[in-house]
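Asker: File upload.txt follows (compact mmCIF, C-alpha atoms):
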# COMPACT_ATOMS: atom_id res chain seq x y z
CA MET A 1 108.58 85.94 117.22
CA SER A 2 110.38 88.44 119.39
CA THR A 3 110.69 88.24 123.12
CA ALA A 4 109.29 90.90 125.39
CA GLN A 5 112.53 92.87 125.45
CA GLU A 6 114.11 92.43 122.05
CA THR A 7 112.78 92.61 118.50
CA ALA A 8 113.85 90.39 115.61
CA ASP A 9 116.72 92.68 114.63
CA GLY A 10 118.15 92.84 118.12
CA GLU A 11 116.75 96.24 118.99
CA MET A 12 116.41 96.67 122.75
CA GLN A 13 113.05 98.06 123.76
CA PRO A 14 112.63 100.64 126.49
CA TRP A 15 109.25 99.38 127.67
CA ALA A 16 110.20 98.31 131.19
CA GLU A 17 107.81 100.94 132.58
CA VAL A 18 104.81 99.25 130.96
CA THR A 19 103.17 96.77 133.32
CA PRO A 20 101.77 94.17 133.61
CA ASP A 21 103.72 91.93 131.27
CA ALA A 22 100.69 91.36 128.98
CA ALA A 23 100.29 95.14 128.44
CA ARG A 24 103.99 95.39 127.56
CA ARG A 25 103.83 92.46 125.12
CA LEU A 26 100.86 94.08 123.37
CA LEU A 27 102.67 97.41 123.10
CA ILE A 28 105.74 95.79 121.56
CA ALA A 29 103.53 93.84 119.13
CA ALA A 30 101.80 97.10 118.17
CA VAL A 31 105.13 98.84 117.47
CA GLU A 32 106.18 96.01 115.17
CA ALA A 33 102.84 95.85 113.36
CA PHE A 34 102.62 99.65 112.88
CA ALA A 35 106.22 99.76 111.61
CA GLU A 36 105.66 96.92 109.12
CA ARG A 37 102.21 97.70 107.76
CA GLY A 38 101.39 101.22 108.95
CA TYR A 39 98.88 102.27 111.62
CA HIS A 40 95.81 102.29 109.39
CA ALA A 41 96.47 98.83 107.93
CA THR A 42 96.87 97.25 111.38
CA THR A 43 93.89 95.90 113.35
CA THR A 44 93.70 95.23 117.08
CA ARG A 45 93.21 91.59 116.06
CA ASP A 46 96.61 91.65 114.27
CA ILE A 47 98.24 93.09 117.37
CA ALA A 48 96.66 90.58 119.73
CA GLY A 49 97.69 87.75 117.38
CA ARG A 50 101.33 88.91 117.29
CA ALA A 51 101.36 89.00 121.08
CA GLY A 52 99.88 85.48 121.20
CA MET A 53 96.71 86.78 122.86
CA SER A 54 93.00 87.03 122.04
CA PRO A 55 91.34 90.32 120.98
CA ALA A 56 89.33 90.14 124.22
CA ALA A 57 92.55 90.01 126.24
CA LEU A 58 93.80 93.11 124.39
CA TYR A 59 90.71 95.12 125.36
CA ILE A 60 91.46 94.54 129.05
CA HIS A 61 94.58 96.71 128.59
CA TYR A 62 93.76 99.07 125.68
CA LYS A 63 90.31 100.26 124.67
CA THR A 64 91.29 101.28 121.13
CA LYS A 65 94.09 101.04 118.61
CA GLU A 66 94.61 104.79 119.02
CA GLU A 67 95.22 104.28 122.75
CA LEU A 68 98.09 101.94 121.85
CA LEU A 69 99.60 104.46 119.43
CA HIS A 70 99.18 107.26 121.94
CA ARG A 71 100.93 105.21 124.66
CA ILE A 72 103.82 104.33 122.29
CA SER A 73 104.18 107.92 121.11
CA ARG A 74 104.03 109.30 124.65
CA ILE A 75 106.71 106.92 125.96
CA GLY A 76 108.91 107.54 122.91
CA HIS A 77 108.64 111.32 123.16
CA ASP A 78 109.15 111.29 126.94
CA LYS A 79 112.33 109.31 126.41
CA ALA A 80 113.60 111.62 123.63
CA LEU A 81 112.97 114.66 125.84
CA ALA A 82 114.67 113.05 128.84
CA ILE A 83 117.75 112.25 126.74
CA VAL A 84 118.09 115.82 125.46
CA ARG A 85 117.33 117.39 128.87
CA THR A 86 119.95 115.24 130.61
CA ALA A 87 122.55 116.56 128.17
CA ALA A 88 121.29 120.15 128.31
CA ASP A 89 121.35 120.18 132.14
CA GLY A 90 124.80 118.60 132.32
CA GLU A 91 128.07 120.14 133.47
CA GLY A 92 130.47 121.71 131.03
CA ASP A 93 130.41 124.23 128.22
CA ALA A 94 127.88 124.45 125.40
CA ALA A 95 130.05 122.46 122.95
CA GLY A 96 130.34 119.57 125.41
CA ARG A 97 126.62 119.59 126.19
CA LEU A 98 125.65 119.80 122.51
CA THR A 99 127.98 116.88 121.77
CA ASP A 100 126.31 114.84 124.53
CA ALA A 101 122.82 115.74 123.32
CA VAL A 102 123.53 114.79 119.70
CA ARG A 103 125.39 111.59 120.59
CA SER A 104 122.66 110.27 122.87
CA PHE A 105 119.77 111.46 120.66
CA VAL A 106 121.33 109.74 117.62
CA ARG A 107 122.06 106.57 119.61
CA TRP A 108 118.41 106.40 120.61
CA HIS A 109 117.11 106.96 117.06
CA ALA A 110 119.53 104.36 115.65
CA GLY A 111 119.13 101.78 118.43
CA GLN A 112 115.34 102.20 118.66
CA HIS A 113 114.73 102.88 114.97
CA THR A 114 111.56 100.80 114.71
CA THR A 115 109.91 102.62 117.61
CA ALA A 116 111.24 105.98 116.43
CA ARG A 117 109.74 105.51 112.96
CA VAL A 118 106.30 104.77 114.40
CA VAL A 119 106.58 107.71 116.79
CA GLN A 120 107.72 110.10 114.03
CA TYR A 121 105.61 109.00 111.06
CA GLU A 122 102.23 108.17 112.62
CA LEU A 123 101.65 111.47 114.43
CA ASP A 124 98.78 112.40 112.11
CA ALA A 125 96.84 109.30 113.21
CA LEU A 126 96.47 110.60 116.78
CA GLY A 127 93.32 112.45 117.82
CA PRO A 128 93.52 116.20 118.53
CA GLU A 129 94.09 115.92 122.31
CA ALA A 130 96.78 113.26 122.10
CA ARG A 131 98.44 115.15 119.27
CA ALA A 132 98.49 118.40 121.24
CA GLU A 133 100.14 116.59 124.15
CA ILE A 134 102.84 115.13 121.88
CA ILE A 135 103.45 118.44 120.13
CA ALA A 136 104.00 120.07 123.55
CA LEU A 137 106.68 117.43 124.31
CA ARG A 138 108.35 118.11 120.96
CA ARG A 139 108.42 121.84 121.70
CA GLN A 140 110.19 121.09 124.99
CA THR A 141 112.77 118.93 123.21
CA ASP A 142 113.32 121.71 120.69
CA ALA A 143 113.66 124.26 123.52
CA ALA A 144 116.29 122.15 125.31
CA VAL A 145 118.49 122.00 122.22
CA ARG A 146 117.88 125.66 121.40
CA GLY A 147 118.90 126.52 124.98
CA ILE A 148 122.31 124.87 124.55
CA ILE A 149 122.88 126.70 121.27
CA GLU A 150 121.83 130.03 122.82
CA ASP A 151 124.25 129.44 125.71
CA GLY A 152 127.06 128.81 123.24
CA VAL A 153 126.26 131.97 121.29
CA ALA A 154 126.04 134.03 124.53
CA ALA A 155 129.42 132.68 125.67
CA GLY A 156 130.99 133.52 122.31
CA ASP A 157 131.72 129.83 121.67
CA PHE A 158 129.27 129.42 118.78
CA ASP A 159 128.54 131.54 115.72
CA VAL A 160 124.90 130.95 114.65
CA PRO A 161 123.09 133.46 112.42
CA ASP A 162 119.72 131.64 112.65
CA VAL A 163 119.26 129.89 116.02
CA PRO A 164 115.71 128.52 115.50
CA GLY A 165 116.55 127.28 111.99
CA THR A 166 119.79 125.66 113.13
CA THR A 167 118.00 123.99 116.07
CA LEU A 168 115.42 122.58 113.66
CA ALA A 169 118.16 121.28 111.35
CA VAL A 170 120.12 119.65 114.20
CA LEU A 171 117.04 117.80 115.50
CA SER A 172 115.94 116.85 111.98
CA LEU A 173 119.38 115.41 111.18
CA CYS A 174 119.24 113.22 114.32
CA ILE A 175 115.61 112.12 113.86
CA ASP A 176 116.17 111.02 110.24
CA VAL A 177 118.70 108.46 111.50
CA ALA A 178 115.63 106.33 112.34
CA ARG A 179 114.68 106.26 108.64
CA TRP A 180 118.00 105.14 107.13
CA PHE A 181 119.75 103.32 109.98
CA ASN A 182 120.38 99.67 109.20
CA VAL A 183 121.69 97.27 111.83
CA ASP A 184 123.56 95.42 109.07
CA GLY A 185 125.15 98.66 107.82
CA PRO A 186 128.78 99.69 108.29
CA ARG A 187 128.29 102.03 111.30
CA THR A 188 127.20 101.33 114.87
CA PRO A 189 124.74 103.72 116.60
CA ASP A 190 127.69 105.02 118.60
CA GLU A 191 129.77 105.71 115.49
CA VAL A 192 126.90 107.60 113.85
CA GLY A 193 126.53 109.58 117.10
CA GLY A 194 130.21 110.54 117.04
CA LEU A 195 130.15 111.56 113.37
CA TYR A 196 126.98 113.61 113.88
CA ALA A 197 128.28 115.37 116.99
CA ASP A 198 131.31 116.55 114.95
CA LEU A 199 129.08 117.73 112.08
CA VAL A 200 126.75 119.58 114.46
CA LEU A 201 129.68 121.41 116.11
CA ARG A 202 130.59 122.59 112.62
CA MET A 203 126.97 123.66 111.95
CA VAL A 204 127.04 125.93 115.02
CA GLY A 205 130.48 127.31 114.16
CA SER A 206 131.97 125.96 117.40
CA LYS A 207 135.45 127.16 118.26
CA GLU A 208 136.21 123.69 119.67
CA GLU A 209 135.58 121.96 116.37
CA MET B 1 89.19 117.28 95.35
CA SER B 2 92.43 118.36 93.78
CA THR B 3 92.94 119.11 90.13
CA ALA B 4 95.30 117.07 88.01
CA GLN B 5 98.24 119.39 88.65
CA GLU B 6 97.82 120.66 92.19
CA THR B 7 96.99 119.03 95.54
CA ALA B 8 94.82 120.56 98.26
CA ASP B 9 97.77 122.34 99.91
CA GLY B 10 98.96 123.94 96.69
CA GLU B 11 101.77 121.49 96.04
CA MET B 12 102.62 121.43 92.33
CA GLN B 13 102.94 117.92 91.00
CA PRO B 14 105.64 116.93 88.54
CA TRP B 15 103.54 114.33 86.75
CA ALA B 16 103.41 115.96 83.32
CA GLU B 17 105.28 112.97 81.88
CA VAL B 18 102.46 110.60 82.81
CA THR B 19 99.98 110.17 79.99
CA PRO B 20 97.14 109.80 79.19
CA ASP B 21 95.31 112.15 81.55
CA ALA B 22 93.46 109.27 83.28
CA ALA B 23 96.75 107.54 84.16
CA ARG B 24 98.05 110.81 85.61
CA ARG B 25 94.90 111.40 87.67
CA LEU B 26 95.16 107.89 89.11
CA LEU B 27 98.83 108.40 90.02
CA ILE B 28 98.08 111.65 91.84
CA ALA B 29 95.15 110.01 93.65
CA ALA B 30 97.48 107.17 94.70
CA VAL B 31 100.09 109.59 96.08
CA GLU B 32 97.43 111.32 98.20
CA ALA B 33 95.92 108.06 99.44
CA PHE B 34 99.30 106.49 100.30
CA ALA B 35 100.38 109.67 102.12
CA GLU B 36 97.17 109.86 104.16
CA ARG B 37 96.55 106.22 105.04
CA GLY B 38 99.75 104.37 104.14
CA TYR B 39 100.31 101.97 101.25
CA HIS B 40 98.99 98.85 102.96
CA ALA B 41 95.75 100.50 104.12
CA THR B 42 94.94 101.79 100.61
CA THR B 43 93.02 99.69 98.08
CA THR B 44 92.92 100.15 94.31
CA ARG B 45 89.18 100.83 94.84
CA ASP B 46 90.09 103.80 97.12
CA ILE B 47 92.45 105.16 94.48
CA ALA B 48 89.95 104.79 91.64
CA GLY B 49 87.28 106.48 93.81
CA ARG B 50 89.53 109.46 94.58
CA ALA B 51 90.23 109.86 90.88
CA GLY B 52 86.49 109.70 90.15
CA MET B 53 86.93 106.49 88.18
CA SER B 54 85.82 102.87 88.41
CA PRO B 55 88.16 100.06 89.57
CA ALA B 56 87.84 98.60 86.06
CA ALA B 57 89.10 101.87 84.57
CA LEU B 58 92.10 101.75 86.92
CA TYR B 59 93.12 98.29 85.70
CA ILE B 60 93.39 99.58 82.14
CA HIS B 61 96.37 101.68 83.31
CA TYR B 62 97.85 99.80 86.29
CA LYS B 63 97.69 96.06 86.89
CA THR B 64 98.41 96.25 90.62
CA LYS B 65 98.70 98.67 93.52
CA GLU B 66 102.42 97.92 93.60
CA GLU B 67 102.73 99.05 89.99
CA LEU B 68 101.35 102.45 91.04
CA LEU B 69 103.82 102.71 93.94
CA HIS B 70 106.68 101.63 91.70
CA ARG B 71 105.78 104.26 89.08
CA ILE B 72 105.52 106.99 91.75
CA SER B 73 108.80 105.97 93.37
CA ARG B 74 110.59 105.74 90.03
CA ILE B 75 109.45 109.19 88.89
CA GLY B 76 110.28 110.71 92.30
CA HIS B 77 113.75 109.18 92.42
CA ASP B 78 114.49 110.07 88.78
CA LYS B 79 113.59 113.67 89.59
CA ALA B 80 115.73 113.74 92.76
CA LEU B 81 118.71 112.33 90.83
CA ALA B 82 118.23 114.81 87.95
CA ILE B 83 118.17 117.72 90.43
CA VAL B 84 121.40 116.67 92.11
CA ARG B 85 123.14 115.80 88.83
CA THR B 86 122.29 119.16 87.29
CA ALA B 87 123.98 120.86 90.24
CA ALA B 88 126.94 118.45 90.28
CA ASP B 89 127.59 118.91 86.55
CA GLY B 90 127.27 122.70 86.74
CA GLU B 91 129.96 125.35 86.28
CA GLY B 92 131.84 126.77 89.23
CA ASP B 93 133.72 125.52 92.24
CA ALA B 94 132.65 122.79 94.65
CA ALA B 95 131.13 125.24 97.16
CA GLY B 96 128.92 126.78 94.48
CA ARG B 97 127.83 123.39 93.13
CA LEU B 98 127.15 122.01 96.62
CA THR B 99 125.07 125.11 97.39
CA ASP B 100 123.05 124.55 94.19
CA ALA B 101 122.56 120.86 94.95
CA VAL B 102 121.33 121.47 98.51
CA ARG B 103 119.09 124.40 97.56
CA SER B 104 117.34 122.56 94.75
CA PHE B 105 117.15 119.22 96.62
CA VAL B 106 115.58 120.95 99.65
CA ARG B 107 113.19 122.94 97.46
CA TRP B 108 111.98 119.71 95.90
CA HIS B 109 111.52 117.92 99.25
CA ALA B 110 109.67 120.91 100.71
CA GLY B 111 107.58 121.73 97.64
CA GLN B 112 106.75 118.07 96.87
CA HIS B 113 106.63 116.87 100.47
CA THR B 114 103.59 114.61 100.00
CA THR B 115 105.20 112.76 97.10
CA ALA B 116 108.58 112.71 98.84
CA ARG B 117 107.10 111.09 101.96
CA VAL B 118 105.52 108.30 99.93
CA VAL B 119 108.71 107.82 97.96
CA GLN B 120 110.89 107.74 101.11
CA TYR B 121 108.69 105.83 103.57
CA GLU B 122 107.07 103.14 101.43
CA LEU B 123 110.23 101.66 99.92
CA ASP B 124 109.80 98.40 101.85
CA ALA B 125 106.45 97.80 100.14
CA LEU B 126 108.11 97.37 96.72
CA GLY B 127 108.95 93.93 95.40
CA PRO B 128 112.63 92.88 95.15
CA GLU B 129 113.14 93.92 91.50
CA ALA B 130 111.51 97.33 91.83
CA ARG B 131 113.38 97.92 95.08
CA ALA B 132 116.73 97.05 93.50
CA GLU B 133 116.04 99.53 90.69
CA ILE B 134 115.20 102.31 93.18
CA ILE B 135 118.22 101.55 95.36
CA ALA B 136 120.44 101.87 92.27
CA LEU B 137 118.99 105.35 91.65
CA ARG B 138 119.63 106.31 95.28
CA ARG B 139 123.26 105.18 94.96
CA GLN B 140 123.66 107.43 91.92
CA THR B 141 122.21 110.40 93.84
CA ASP B 142 124.58 109.66 96.70
CA ALA B 143 127.52 109.40 94.25
CA ALA B 144 126.69 112.78 92.67
CA VAL B 145 126.79 114.56 96.04
CA ARG B 146 129.88 112.63 97.14
CA GLY B 147 131.57 113.67 93.87
CA ILE B 148 131.07 117.36 94.66
CA ILE B 149 132.46 116.90 98.18
CA GLU B 150 135.46 114.94 96.85
CA ASP B 151 136.15 117.71 94.31
CA GLY B 152 136.10 120.28 97.12
CA VAL B 153 138.51 118.23 99.23
CA ALA B 154 140.85 117.66 96.26
CA ALA B 155 140.89 121.41 95.51
CA GLY B 156 141.65 122.20 99.15
CA ASP B 157 138.35 124.10 99.48
CA PHE B 158 136.71 121.63 101.89
CA ASP B 159 137.95 119.88 105.01
CA VAL B 160 136.04 116.60 105.44
CA PRO B 161 137.45 113.78 107.61
CA ASP B 162 134.66 111.31 106.66
CA VAL B 163 133.42 111.85 103.10
CA PRO B 164 130.89 108.96 102.91
CA GLY B 165 129.47 109.79 106.36
CA THR B 166 129.20 113.50 105.55
CA THR B 167 127.53 112.73 102.21
CA LEU B 168 124.98 110.56 104.02
CA ALA B 169 124.31 113.30 106.57
CA VAL B 170 123.88 116.00 103.91
CA LEU B 171 121.35 113.93 101.96
CA SER B 172 119.55 112.85 105.13
CA LEU B 173 119.21 116.47 106.28
CA CYS B 174 117.63 117.44 102.95
CA ILE B 175 115.34 114.39 102.72
CA ASP B 176 113.94 114.90 106.23
CA VAL B 177 112.56 118.28 105.12
CA ALA B 178 109.71 116.25 103.57
CA ARG B 179 108.75 114.99 107.06
CA TRP B 180 108.57 118.30 108.92
CA PHE B 181 107.90 120.87 106.20
CA ASN B 182 104.58 122.64 106.67
CA VAL B 183 103.20 124.97 104.02
CA ASP B 184 101.65 127.06 106.83
CA GLY B 185 105.00 127.29 108.65
CA PRO B 186 107.22 130.36 108.86
CA ARG B 187 109.70 129.42 106.09
CA THR B 188 109.24 129.03 102.33
CA PRO B 189 110.93 126.11 100.53
CA ASP B 190 113.43 128.62 99.16
CA GLU B 191 114.27 129.98 102.63
CA VAL B 192 114.83 126.47 103.99
CA GLY B 193 117.05 125.79 100.96
CA GLY B 194 119.15 128.88 101.68
CA LEU B 195 119.51 128.07 105.39
CA TYR B 196 120.46 124.47 104.64
CA ALA B 197 123.00 125.40 101.98
CA ASP B 198 124.79 127.58 104.57
CA LEU B 199 124.70 124.79 107.17
CA VAL B 200 126.03 122.24 104.67
CA LEU B 201 128.97 124.51 103.69
CA ARG B 202 129.81 124.56 107.40
CA MET B 203 129.52 120.75 107.61
CA VAL B 204 132.12 120.37 104.84
CA GLY B 205 134.42 123.00 106.37
CA SER B 206 134.15 125.20 103.29
CA LYS B 207 136.56 128.12 103.13
CA GLU B 208 133.81 130.20 101.48
CA GLU B 209 131.45 129.89 104.44
Represent the structure from my file as structure tokens, please.

Answerer:
Amino acid sequence: MSTAQETADGEMQPWAEVTPDAARRLLIAAVEAFAERGYHATTTRDIAGRAGMSPAALYIHYKTKEELLHRISRIGHDKALAIVRTAADGEGDAAGRLTDAVRSFVRWHAGQHTTARVVQYELDALGPEARAEIIALRRQTDAAVRGIIEDGVAAGDFDVPDVPGTTLAVLSLCIDVARWFNVDGPRTPDEVGGLYADLVLRMVGSKEE
Amino acid sequence: MSTAQETADGEMQPWAEVTPDAARRLLIAAVEAFAERGYHATTTRDIAGRAGMSPAALYIHYKTKEELLHRISRIGHDKALAIVRTAADGEGDAAGRLTDAVRSFVRWHAGQHTTARVVQYELDALGPEARAEIIALRRQTDAAVRGIIEDGVAAGDFDVPDVPGTTLAVLSLCIDVARWFNVDGPRTPDEVGGLYADLVLRMVGSKEE
């Protein structure tokens, strides 16, 4: 059984903002259960059991299973957006900011791969309102990366024939790290981030590459 | 309800090799059910019902739910490997063969996105033997793409500091198309294939780009 802050494979969880402790334990249990068995195959009873609590105790914190997924997805997408915005708003030229964005986005998807998989693959299970909210966050993440690329093109540092398509490809490349990343594999999250930042500079035709 | 050859969103299914017709209908029903609800939340009764058959009729063709997933995954991975091998074994220089490989691999992941998602996301649900067989196919697909990149480096056409890492990134980029591709979106599978082929030539530092 994992502790409140770390899953079985040593993945650190960014759930410090979820209080009280019982609500956080339930959220972490839900992430693990959804990742292992899928959202639809998981019951609130399973989640409560993993957290060492009764179903009645779960309902104090979350009314439905969808509320748990929505909370997980919201926190995950908020974090992804914050990571990309921090890089986009940073000092330095477009190549430096794009490098920062890719490195930190990849690190998050590798280090938090269990959460990222749930967040990325179970979007269809959300109701229309929750889904619209998450899609708006994704658009903002996309816009932050597109903004860096546009800055680079405007400054003459990048050569990008299709800015929206290249933005999509850059984000897709980083997100898919959550699917294949293996903590027992040959590369650390940081090493994958470094490799990917170099590849992305090539994709945008950066003069610095 | 979809026909035997086409799903609701017009995706053509490459299941012609599955006979008799009842076995093919069940396989297509399983792909749809797994994609919608996940493997663990789907019962053989659900699959039989979607195919308009009885559970008893299903057992004539497939002994277990895992056998269905294994068959789907095997056919999907065989197809992915055949696509990449055809390009790798083609005429022409490394840039031309890499372009072919990326274009056709992307077209498959976009056009067959429902199947590709099941094949890519439900790997953990396979038993050890089936999983080992699928992993061997994935290694061969990886080796085919790596071979093209190595040829390009040897000929002085490509500049790639990390061949295994770049191979991984190229395949990952193409595979993730299955996650985000939307038939109602602005790009056709062919257009995504063309965009991605250009981006991949940049990733490998191709002189032709």

Asker: Give me, as a PyMOL selection string, the residues of chain B touching chain A, with the criterion being at most 8 Å (counting only C-alpha atoms).

Answerer: chain B and resi 37-41+121+165-166+169+172-173+176-177+179+195-196+199-200+202-203+205

Asker: Give the answer as one residue: which of A:Leu126, A:Ala29, A:Ile72, A:Ala101 has the shortest atom-to-atom distance to Val145 (chain A), using all atoms listed in the file?

Answerer: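 Smallest separation from Val145 (chain A) among the options: A:Ala101.
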
Asker: (101.1, 100.4, 118.8) in this file's frame - what residues fall within 9 Å of it? Use all atoms listed in the file and give the answer as a PyMOL selection string.

Answerer: chain A and resi 26-35+39+47+65-73+118

Asker: Residues at most 10 Å from Arg97 (chain A), counting only C-alpha atoms, excluding those fewer than 2 positions away in the same chain, as a PyMOL selection string?

Answerer: chain A and resi 84-95+99-103+145+148-149+152

Asker: Quick check, in Å to one decimal: how far apart do CA of Trp15 (chain A) and CA of Asp190 (chain A) lie?

Answerer: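 Here the two named atoms are 21.3 Å from each other.
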
Asker: Axis-aligned box over every listed atom of region 55-68 of chain B, padded by 5 Å per side: centre and edges in Å to one decimal, as lines of an AutoDock Vina configuration file?

Answerer:
center_x = 95.3
center_y = 99.3
center_z = 87.9
size_x = 24.9
size_y = 16.4
size_z = 21.5

Asker: Give me the residues near Arg74 (chain B) as an MDAnalysis selection string, where near means some atom within 10 Å (using only C-alpha atoms) and where sequence neighbours in that chain fewer than 3 positions away do not count.

Answerer: chainID B and resid 68:71 77:80 119 130:131 133:134 137

Asker: Just to be explicit: take each residue in the selection above, keep C-alpha atoms, and write the result as an mmCIF file, in the coordinates of the input.

Answerer:
data_model
loop_
_atom_site.group_PDB
_atom_site.id
_atom_site.type_symbol
_atom_site.label_atom_id
_atom_site.label_comp_id
_atom_site.auth_asym_id
_atom_site.auth_seq_id
_atom_site.Cartn_x
_atom_site.Cartn_y
_atom_site.Cartn_z
ATOM 1 C CA LEU B 68 101.350 102.450 91.040
ATOM 2 C CA LEU B 69 103.820 102.710 93.940
ATOM 3 C CA HIS B 70 106.680 101.630 91.700
ATOM 4 C CA ARG B 71 105.780 104.260 89.080
ATOM 5 C CA HIS B 77 113.750 109.180 92.420
ATOM 6 C CA ASP B 78 114.490 110.070 88.780
ATOM 7 C CA LYS B 79 113.590 113.670 89.590
ATOM 8 C CA ALA B 80 115.730 113.740 92.760
ATOM 9 C CA VAL B 119 108.710 107.820 97.960
ATOM 10 C CA ALA B 130 111.510 97.330 91.830
ATOM 11 C CA ARG B 131 113.380 97.920 95.080
ATOM 12 C CA GLU B 133 116.040 99.530 90.690
ATOM 13 C CA ILE B 134 115.200 102.310 93.180
ATOM 14 C CA LEU B 137 118.990 105.350 91.650
#

Asker: Quick one: distance from CA of Arg25 (chain B) to CA of Ala51 (chain B) in Å, one decimal?

Answerer: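 These two atoms are separated by 5.9 Å.
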
Asker: Between B:Thr44, B:Ser206, B:Thr19, B:Gln112, which residue has the minimum interatomic distance to Phe181 (chain B), considering all atoms listed in the file?

Answerer: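 Among B:Thr44, B:Ser206, B:Thr19, B:Gln112, it is B:Gln112 that comes nearest to Phe181 (chain B).
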
Asker: Which value, in Å to one decimal, gives the distance between CA of Arg138 (chain A) and CA of Ile83 (chain A)?

Answerer: 12.5 Å

Asker: With all atoms listed in the file as the counted atoms, please give the residues lying no more than 8 Å from Ala178 (chain A), apart from itself and same-chain residues fewer than 6 positions off, as a list in words.

Answerer: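 After dropping sequence-adjacent residues, the list is His109, Ala110, Gln112, His113, Thr114, Ala116 and Arg117 of chain A.
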